[in-house]
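**Student:** Structure supplied as my_file23.cif; contents: mmCIF, C-alpha atoms.
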```
data_structure
#
loop_
_atom_site.label_atom_id
_atom_site.label_comp_id
_atom_site.auth_asym_id
_atom_site.auth_seq_id
_atom_site.Cartn_x
_atom_site.Cartn_y
_atom_site.Cartn_z
CA MET S 1 -67.34 40.97 34.73
CA SER S 2 -63.86 42.46 34.75
CA PHE S 3 -61.75 43.09 31.69
CA PRO S 4 -57.98 42.63 31.36
CA THR S 5 -56.03 45.72 32.05
CA LYS S 6 -53.88 47.32 29.42
CA LYS S 7 -50.80 46.22 31.38
CA PHE S 8 -51.95 42.59 31.34
CA VAL S 9 -52.61 42.69 27.61
CA TYR S 10 -49.23 44.27 27.03
CA ASN S 11 -47.44 41.60 29.08
CA TYR S 12 -49.37 38.84 27.33
CA PHE S 13 -48.36 40.30 23.98
CA LEU S 14 -44.69 40.38 25.01
CA ILE S 15 -44.80 36.76 26.18
CA ALA S 16 -46.43 35.65 22.92
CA LEU S 17 -43.92 37.63 20.90
CA PHE S 18 -41.08 36.08 22.90
CA LEU S 19 -42.38 32.56 22.29
CA ILE S 20 -42.79 33.22 18.59
CA LEU S 21 -39.24 34.60 18.45
CA ILE S 22 -37.87 31.49 20.21
CA LEU S 23 -39.71 29.21 17.79
CA PHE S 24 -38.44 31.24 14.86
CA LEU S 25 -34.85 31.15 16.10
CA PHE S 26 -35.10 27.42 16.78
CA ASP S 27 -36.38 26.83 13.25
CA VAL S 28 -33.63 29.03 11.78
CA ARG S 29 -30.98 27.27 13.88
CA ALA S 30 -32.28 23.85 12.80
CA LYS S 31 -32.15 24.93 9.17
CA ILE S 32 -28.62 26.27 9.63
CA GLN S 33 -27.52 23.00 11.24
CA THR S 34 -29.13 20.99 8.45
CA GLN S 35 -27.46 23.21 5.87
CA SER S 36 -24.07 22.75 7.61
CA LEU S 37 -24.47 18.97 7.61
CA TYR S 38 -25.50 19.04 3.97
CA SER S 39 -22.45 21.16 3.09
CA LEU S 40 -20.19 18.77 5.02
CA GLN S 41 -21.73 15.83 3.21
CA GLU S 42 -21.21 17.49 -0.15
CA GLU S 43 -17.57 18.22 0.71
CA ILE S 44 -16.95 14.59 1.67
CA ARG S 45 -18.51 13.46 -1.61
CA ARG S 46 -16.30 15.90 -3.51
CA VAL S 47 -13.15 14.55 -1.83
CA ILE S 48 -14.04 10.95 -2.65
CA ASP S 49 -14.99 11.80 -6.23
CA GLU S 50 -11.62 13.52 -6.62
CA ALA S 51 -9.51 10.66 -5.25
CA LYS S 52 -11.42 7.52 -6.23
CA PRO S 53 -10.51 7.37 -9.96
CA ALA S 54 -6.83 7.05 -8.97
CA ILE S 55 -7.40 3.95 -6.82
CA VAL S 56 -6.93 0.51 -8.36
CA SER S 57 -7.25 -3.14 -7.38
CA ILE S 58 -4.15 -5.32 -7.54
CA LEU S 59 -5.17 -8.75 -8.83
CA SER S 60 -3.33 -12.03 -8.57
CA SER S 61 -3.68 -14.25 -11.60
CA PRO S 62 -2.50 -17.88 -11.52
CA SER S 63 0.55 -18.60 -13.68
CA ASN S 64 -0.97 -21.82 -14.98
CA ILE S 65 -4.70 -22.52 -15.18
CA ASP S 66 -5.73 -25.96 -14.00
CA GLU S 67 -8.28 -27.08 -16.60
CA SER S 68 -9.98 -29.48 -14.18
CA LEU S 69 -10.36 -26.61 -11.70
CA LYS S 70 -11.82 -24.51 -14.49
CA ARG S 71 -14.44 -27.16 -15.21
CA TYR S 72 -15.36 -27.44 -11.53
CA TYR S 73 -15.67 -23.67 -11.33
CA GLU S 74 -18.09 -23.53 -14.23
CA PHE S 75 -20.12 -26.37 -12.70
CA PHE S 76 -20.38 -24.75 -9.25
CA LYS S 77 -20.67 -21.15 -10.48
CA GLY S 78 -23.49 -19.36 -8.70
CA THR S 79 -23.46 -21.77 -5.76
CA PRO S 80 -21.90 -21.39 -2.28
CA PHE S 81 -19.02 -23.58 -3.50
CA GLU S 82 -17.98 -21.21 -6.30
CA ASP S 83 -15.06 -19.66 -4.42
CA TYR S 84 -13.52 -23.03 -3.63
CA PHE S 85 -12.87 -23.66 -7.33
CA ASN S 86 -12.24 -20.09 -8.50
CA TYR S 87 -9.27 -20.23 -10.88
CA GLN S 88 -9.69 -16.61 -11.92
CA SER S 89 -7.99 -13.45 -10.68
CA ARG S 90 -8.51 -12.45 -7.09
CA ILE S 91 -7.87 -9.17 -5.29
CA VAL S 92 -4.74 -9.24 -3.16
CA GLY S 93 -4.55 -5.54 -2.38
CA SER S 94 -4.91 -1.98 -3.56
CA GLY S 95 -2.82 0.50 -5.48
CA VAL S 96 -2.72 4.17 -6.43
CA ILE S 97 -2.16 5.68 -9.87
CA VAL S 98 0.59 8.29 -9.48
CA SER S 99 1.07 9.37 -13.09
CA SER S 100 -1.11 9.61 -16.17
CA ASN S 101 1.24 7.31 -18.13
CA GLY S 102 0.38 4.34 -15.89
CA LEU S 103 2.69 4.37 -12.88
CA VAL S 104 1.04 2.66 -9.90
CA ILE S 105 2.33 2.52 -6.33
CA THR S 106 1.45 -0.29 -3.93
CA ASN S 107 3.03 -2.24 -1.08
CA ALA S 108 5.89 -4.64 -1.73
CA HIS S 109 4.04 -7.34 0.17
CA VAL S 110 1.08 -6.91 -2.19
CA ALA S 111 3.18 -7.16 -5.36
CA MET S 112 5.19 -10.06 -3.96
CA GLY S 113 2.00 -11.91 -3.07
CA ALA S 114 0.89 -12.26 -6.68
CA PRO S 115 2.42 -14.82 -9.10
CA THR S 116 1.21 -12.69 -12.01
CA ILE S 117 -0.01 -9.13 -11.48
CA THR S 118 -2.95 -7.54 -13.22
CA ILE S 119 -4.58 -4.23 -12.35
CA LYS S 120 -8.24 -3.20 -12.38
CA ASP S 121 -9.15 0.48 -12.31
CA SER S 122 -12.16 2.17 -10.69
CA ASP S 123 -14.16 1.80 -13.93
CA GLY S 124 -13.64 -1.96 -13.93
CA LYS S 125 -11.13 -2.04 -16.80
CA VAL S 126 -8.48 -4.75 -16.36
CA TYR S 127 -4.87 -4.27 -17.49
CA ASP S 128 -3.00 -7.53 -18.07
CA SER S 129 0.34 -6.09 -19.17
CA VAL S 130 2.00 -4.83 -15.99
CA SER S 131 5.72 -4.38 -15.33
CA ILE S 132 7.48 -4.07 -11.98
CA LEU S 133 9.85 -1.10 -12.00
CA ALA S 134 11.06 -1.41 -8.42
CA ILE S 135 10.38 -3.23 -5.16
CA SER S 136 11.77 -2.20 -1.77
CA ASN S 137 11.60 -4.71 1.04
CA GLN S 138 12.93 -2.02 3.37
CA LEU S 139 10.17 0.49 2.60
CA ASP S 140 7.47 -2.07 1.73
CA LEU S 141 6.81 -0.23 -1.53
CA ALA S 142 6.52 -1.42 -5.11
CA LEU S 143 6.32 0.70 -8.25
CA LEU S 144 4.36 -0.84 -11.12
CA LYS S 145 3.85 0.29 -14.72
CA ILE S 146 0.74 -0.38 -16.80
CA ASN S 147 1.89 -0.97 -20.37
CA ASN S 148 0.21 -0.28 -23.72
CA LEU S 149 -2.17 2.43 -22.53
CA SER S 150 -4.55 3.83 -25.13
CA LYS S 151 -5.18 6.99 -23.10
CA GLY S 152 -3.89 8.76 -20.02
CA LEU S 153 -5.10 7.76 -16.56
CA LYS S 154 -6.36 9.92 -13.70
CA SER S 155 -3.56 10.22 -11.15
CA ILE S 156 -3.62 11.36 -7.55
CA ASP S 157 -2.11 14.59 -6.23
CA PHE S 158 0.37 14.49 -3.34
CA THR S 159 0.39 16.55 -0.17
CA ASN S 160 3.49 17.26 1.93
CA SER S 161 3.25 14.64 4.67
CA ASP S 162 5.61 16.68 6.87
CA ASN S 163 2.83 19.27 7.21
CA VAL S 164 0.15 16.77 8.25
CA LYS S 165 -1.06 17.36 11.82
CA VAL S 166 -2.49 15.04 14.45
CA GLY S 167 -6.27 15.48 14.32
CA ASP S 168 -6.43 16.13 10.57
CA ILE S 169 -9.38 14.41 8.89
CA VAL S 170 -8.41 11.64 6.46
CA PHE S 171 -10.12 9.05 4.26
CA ALA S 172 -8.85 5.54 3.46
CA ILE S 173 -9.78 4.12 0.06
CA GLY S 174 -9.08 0.53 -0.94
CA ASN S 175 -10.38 -3.02 -1.22
CA PRO S 176 -10.74 -4.54 2.27
CA PHE S 177 -11.68 -8.25 2.10
CA GLY S 178 -12.10 -7.80 -1.66
CA PHE S 179 -14.87 -5.19 -1.33
CA GLU S 180 -13.69 -2.81 -4.02
CA MET S 181 -13.50 0.95 -3.61
CA THR S 182 -14.44 0.98 0.07
CA VAL S 183 -14.12 4.36 1.81
CA THR S 184 -13.58 4.84 5.55
CA MET S 185 -13.10 8.07 7.49
CA GLY S 186 -10.98 8.99 10.49
CA ILE S 187 -8.22 11.28 11.71
CA ILE S 188 -4.46 11.30 11.93
CA SER S 189 -3.87 9.69 15.32
CA ALA S 190 -0.09 10.05 15.51
CA LYS S 191 3.06 10.49 13.41
CA ASN S 192 6.54 8.97 13.25
CA ARG S 193 5.46 5.56 14.52
CA LYS S 194 7.84 2.59 14.39
CA LEU S 195 6.83 -1.07 14.22
CA ARG S 196 8.81 -4.22 14.83
CA VAL S 197 9.67 -6.41 11.88
CA ILE S 198 6.44 -7.94 10.56
CA GLN S 199 6.68 -10.77 8.00
CA GLY S 200 10.12 -9.56 6.94
CA PHE S 201 9.21 -5.87 6.76
CA SER S 202 10.53 -3.25 9.18
CA TYR S 203 8.59 0.01 9.45
CA SER S 204 9.52 3.48 10.70
CA ASN S 205 8.21 7.03 10.33
CA LEU S 206 4.65 5.76 9.82
CA ILE S 207 1.46 7.83 9.99
CA GLN S 208 -1.09 6.33 12.39
CA THR S 209 -4.81 6.64 11.70
CA ASP S 210 -8.10 5.38 13.15
CA ALA S 211 -9.71 5.22 9.69
CA ALA S 212 -10.73 1.56 9.39
CA LEU S 213 -8.11 -0.56 7.58
CA ASN S 214 -8.44 -4.28 6.94
CA PRO S 215 -6.73 -6.94 4.80
CA GLY S 216 -6.98 -5.73 1.21
CA ASN S 217 -6.48 -2.06 2.12
CA SER S 218 -2.73 -2.55 1.77
CA GLY S 219 -1.32 -0.36 -0.98
CA GLY S 220 -4.40 1.88 -1.04
CA ALA S 221 -4.60 5.61 -0.41
CA LEU S 222 -4.93 7.67 2.73
CA VAL S 223 -6.10 11.09 1.52
CA ASP S 224 -6.78 14.47 3.10
CA ILE S 225 -9.85 16.74 2.83
CA TYR S 226 -8.64 17.90 -0.58
CA GLY S 227 -8.30 14.38 -1.98
CA ARG S 228 -4.50 14.54 -1.91
CA LEU S 229 -2.33 11.57 -0.97
CA VAL S 230 -1.22 11.64 2.67
CA GLY S 231 0.19 8.11 2.64
CA ILE S 232 -0.01 4.52 1.40
CA ASN S 233 -1.94 2.27 3.78
CA THR S 234 0.30 -0.60 4.71
CA VAL S 235 -0.28 -2.37 8.03
CA ILE S 236 -2.60 -2.63 11.04
CA ALA S 237 -1.93 -3.36 14.69
CA SER S 238 -4.34 -6.14 15.58
CA THR S 239 -4.48 -9.44 17.43
CA SER S 240 -7.32 -10.65 15.20
CA GLY S 241 -6.00 -9.52 11.81
CA SER S 242 -8.88 -7.08 11.40
CA ASN S 243 -9.38 -3.41 12.18
CA THR S 244 -8.95 -2.25 15.76
CA GLY S 245 -8.69 1.47 15.01
CA VAL S 246 -4.89 1.39 14.81
CA GLY S 247 -3.72 1.50 11.21
CA PHE S 248 -0.55 2.81 9.62
CA ALA S 249 0.43 4.45 6.33
CA ILE S 250 3.76 5.17 4.67
CA PRO S 251 4.09 9.00 4.42
CA SER S 252 3.57 10.56 1.00
CA ASN S 253 7.03 12.18 1.03
CA VAL S 254 8.68 8.76 1.41
CA VAL S 255 6.46 7.42 -1.38
CA LYS S 256 7.27 10.34 -3.68
CA ASP S 257 11.01 9.95 -3.13
CA PHE S 258 10.78 6.23 -3.96
CA ILE S 259 8.83 6.99 -7.15
CA ASP S 260 11.27 9.71 -8.28
CA LYS S 261 14.24 7.36 -7.85
CA ASN S 262 12.67 4.50 -9.78
CA LYS S 263 10.20 5.91 -12.32
CA ASN S 264 12.67 5.84 -15.21
CA LYS S 265 13.77 2.24 -14.73
CA ILE S 266 13.08 -0.39 -17.35
CA GLY S 267 10.31 -2.65 -16.09
CA MET S 268 10.62 -6.33 -15.41
CA GLY S 269 7.80 -8.75 -16.06
CA SER S 270 5.32 -9.63 -13.34
CA SER S 271 5.27 -13.36 -14.08
CA GLY S 272 6.88 -14.73 -10.95
CA GLN S 273 9.32 -13.52 -8.31
CA PRO S 274 13.09 -13.91 -8.60
CA PHE S 275 14.53 -16.39 -6.10
CA LEU S 276 18.20 -16.71 -5.23
CA GLY S 277 17.91 -19.18 -2.37
CA VAL S 278 19.93 -17.65 0.47
CA ARG S 279 19.12 -16.17 3.85
CA VAL S 280 21.53 -13.42 4.82
CA ALA S 281 22.27 -11.45 7.98
CA ASP S 282 23.94 -8.14 8.79
CA ILE S 283 27.60 -8.29 9.82
CA PRO S 284 28.51 -6.82 13.23
CA GLU S 285 30.75 -3.76 12.99
CA TYR S 286 33.59 -5.37 14.92
CA VAL S 287 33.62 -8.26 12.41
CA LYS S 288 33.72 -5.81 9.50
CA SER S 289 36.61 -4.02 11.16
CA TYR S 290 38.48 -7.29 11.65
CA LEU S 291 37.95 -8.26 8.00
CA GLY S 292 38.83 -4.80 6.73
CA ILE S 293 35.49 -4.16 5.02
CA ASP S 294 32.73 -1.61 5.63
CA TYR S 295 29.89 -3.25 3.68
CA GLY S 296 28.46 -6.68 2.89
CA VAL S 297 26.18 -9.35 4.39
CA ILE S 298 26.91 -12.87 5.59
CA VAL S 299 25.15 -15.96 4.20
CA ALA S 300 23.34 -17.68 7.08
CA GLU S 301 21.55 -20.36 5.04
CA VAL S 302 21.58 -21.77 1.51
CA ILE S 303 18.35 -23.40 0.30
CA PRO S 304 18.94 -26.86 -1.24
CA ASN S 305 18.39 -27.07 -5.02
CA SER S 306 18.22 -23.27 -5.33
CA SER S 307 20.30 -21.16 -7.74
CA ALA S 308 22.64 -20.19 -4.89
CA HIS S 309 23.19 -23.88 -4.04
CA LYS S 310 23.62 -24.88 -7.69
CA TYR S 311 26.25 -22.21 -8.40
CA GLY S 312 28.29 -22.77 -5.26
CA ILE S 313 27.39 -20.11 -2.71
CA ARG S 314 28.09 -21.43 0.79
CA VAL S 315 27.10 -20.66 4.37
CA ASN S 316 29.45 -18.03 5.91
CA ASP S 317 30.27 -16.54 2.51
CA ILE S 318 30.22 -12.75 2.70
CA ILE S 319 28.33 -11.16 -0.20
CA LEU S 320 30.03 -7.87 -1.00
CA LYS S 321 28.49 -6.83 -4.30
CA PHE S 322 25.41 -7.78 -6.31
CA ASN S 323 25.67 -6.84 -10.00
CA ASN S 324 28.53 -4.46 -9.17
CA GLU S 325 26.55 -2.62 -6.47
CA LYS S 326 27.89 -2.67 -2.91
CA VAL S 327 25.55 -4.44 -0.50
CA THR S 328 25.04 -2.26 2.58
CA ASP S 329 22.80 -4.50 4.71
CA ALA S 330 20.35 -7.41 4.58
CA ASN S 331 17.36 -5.30 3.54
CA HIS S 332 19.40 -3.68 0.76
CA PHE S 333 20.43 -7.13 -0.48
CA ILE S 334 16.80 -8.29 -0.59
CA ASP S 335 15.89 -5.15 -2.55
CA LEU S 336 18.67 -5.83 -5.07
CA VAL S 337 17.48 -9.42 -5.56
CA LEU S 338 13.91 -8.22 -6.07
CA GLN S 339 15.04 -5.93 -8.89
CA THR S 340 16.05 -8.93 -11.02
CA ASN S 341 14.02 -11.25 -13.22
CA PRO S 342 13.79 -15.04 -13.06
CA GLY S 343 16.32 -16.40 -15.55
CA GLN S 344 18.47 -13.26 -15.45
CA ASN S 345 22.27 -13.59 -15.30
CA VAL S 346 23.73 -11.88 -12.23
CA ASP S 347 27.25 -11.37 -10.93
CA ILE S 348 27.91 -11.73 -7.19
CA GLU S 349 31.17 -10.76 -5.51
CA ILE S 350 31.86 -12.70 -2.33
CA MET S 351 34.56 -13.06 0.29
CA ARG S 352 35.33 -16.63 1.35
CA LYS S 353 37.99 -17.25 4.00
CA GLY S 354 39.53 -13.86 3.27
CA LYS S 355 39.65 -14.31 -0.51
CA ILE S 356 37.55 -12.30 -2.99
CA MET S 357 35.68 -14.40 -5.56
CA ASN S 358 33.11 -13.73 -8.30
CA ILE S 359 30.20 -16.06 -8.94
CA GLN S 360 28.03 -15.77 -12.06
CA LEU S 361 24.64 -17.41 -11.73
CA VAL S 362 21.15 -17.48 -13.21
CA MET S 363 18.32 -16.27 -11.00
CA GLY S 364 15.71 -18.83 -10.09
CA LYS S 365 11.97 -18.37 -9.72
CA LYS S 366 9.74 -18.58 -6.69
#
```
Written as structure tokens, that's how I'd like the structure from this file.
**Tutor:**
Amino acid sequence: MSFPTKKFVYNYFLIALFLILILFLFDVRAKIQTQSLYSLQEEIRRVIDEAKPAIVSILSSPSNIDESLKRYYEFFKGTPFEDYFNYQSRIVGSGVIVSSNGLVITNAHVAMGAPTITIKDSDGKVYDSVSILAISNQLDLALLKINNLSKGLKSIDFTNSDNVKVGDIVFAIGNPFGFEMTVTMGIISAKNRKLRVIQGFSYSNLIQTDAALNPGNSGGALVDIYGRLVGINTVIASTSGSNTGVGFAIPSNVVKDFIDKNKNKIGMGSSGQPFLGVRVADIPEYVKSYLGIDYGVIVAEVIPNSSAHKYGIRVNDIILKFNNEKVTDANHFIDLVLQTNPGQNVDIEIMRKGKIMNIQLVMGKK
């Protein structure tokens, strides 16, 4: 019988030691990777916990409750037919609390899509008294004010959207398809995007993201890894109407400027949209030059039985001023109309066949 040599034993020992070292390093590396994933998970949770309390649901409440519909709803409540007879508030979009005293930013198309606006916060509390401070058709932004607050609200912090980089991690928070407080994650895909006019809104300087956005996300927040507002989610590029990984947000700097300009305005009620009853168009520069004007819009259509029709506005009238403010273009005119209330008296300066006229009328309701 032969015995292993000292050299063999030594080599065997080295091999065993090497294997043990590999297993040890593998175990350490696995623990480090697990720890890194855990830390990342904790950071994501922290971001969401920071931003979520500032996100709200924008609810549409019917102006008049149909009592027969109410009875049907109670009868079918809890059945698959419940939604067909639901007379109660429904989610039409999202919003973001931008000040502790109740200022909320959302999209214009969200605010304009609700006959009467109510707001529900992340704790489920519903606020029925909501005023509209400003709506911009051009920016697709609306500034709302929650009235009669008993205590201050948690507001979101803003980041400088000019400093956002392509590839930055972002989170979208909102109410897609009515699923409240849904969070999706992605990156900044591009900046300074422009979109064609969509449902009356024209977009430029948008932030593009692949964070999933769907109907109901409109007006919600796109936040960075610190929970700060990067932008207001506003529109998606899709042939189906659902997420395709190409969503867009209005940059936070544009949002902040809009808020600063309008936060001190006196709010109008949210019970119905003002309706004048005209469709206007921009005036070509050569026509302005011929007429000797440098502002105004031309009336392309007057809706029958509207306020404009009732008070004598005609097709081809040139609207120069609205409540003493010069009208620069069609989008500006729409914004001025949206700042009024149904039933409000307004003064409109027009040019008709070269003559300046003033028309006083009462705003209608849509």
**Student:** Name the residues that the PyMOL selection byres ((chain S and resi 336) around 9) pulls out of this structure, and write them as an NGL selection string.
**Tutor:** :S and (135-136 or 322-323 or 325 or 327 or 331-335 or 337-340)
**Student:** Hey, can you check how far CA of Arg314 (chain S) sits from CA of Lys353 (chain S)?
**Tutor:**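 Computing the Euclidean distance for CA of Arg314 (chain S) and CA of Lys353 (chain S) yields 11.2 Å.
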**Student:** Do you have the CA of Ile173 (chain S)-CA of Gly219 (chain S) distance handy?
**Tutor:**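 For CA of Ile173 (chain S) relative to CA of Gly219 (chain S), the distance reads 9.6 Å.
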**Student:** With all atoms listed in the file as the counted atoms, please give the residues lying no more than 12 Å from Ile48 (chain S), apart from itself and same-chain residues fewer than 6 positions off, as a PyMOL selection string.
**Tutor:** chain S and resi 41-42+54-55+156+170-174+181-185+221-229
**Student:** Using all atoms listed in the file, which residue out of S:Gly186, S:Gly241, S:Gly124, S:Gly231 lies closest to Ser161 (chain S)?
**Tutor:**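 Comparing S:Gly186, S:Gly241, S:Gly124, S:Gly231 against Ser161 (chain S), the winner is S:Gly231.
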**Student:** What gap, in Å, lies between CA of Asn160 (chain S) and CA of Val230 (chain S)?
**Tutor:** 7.4 Å
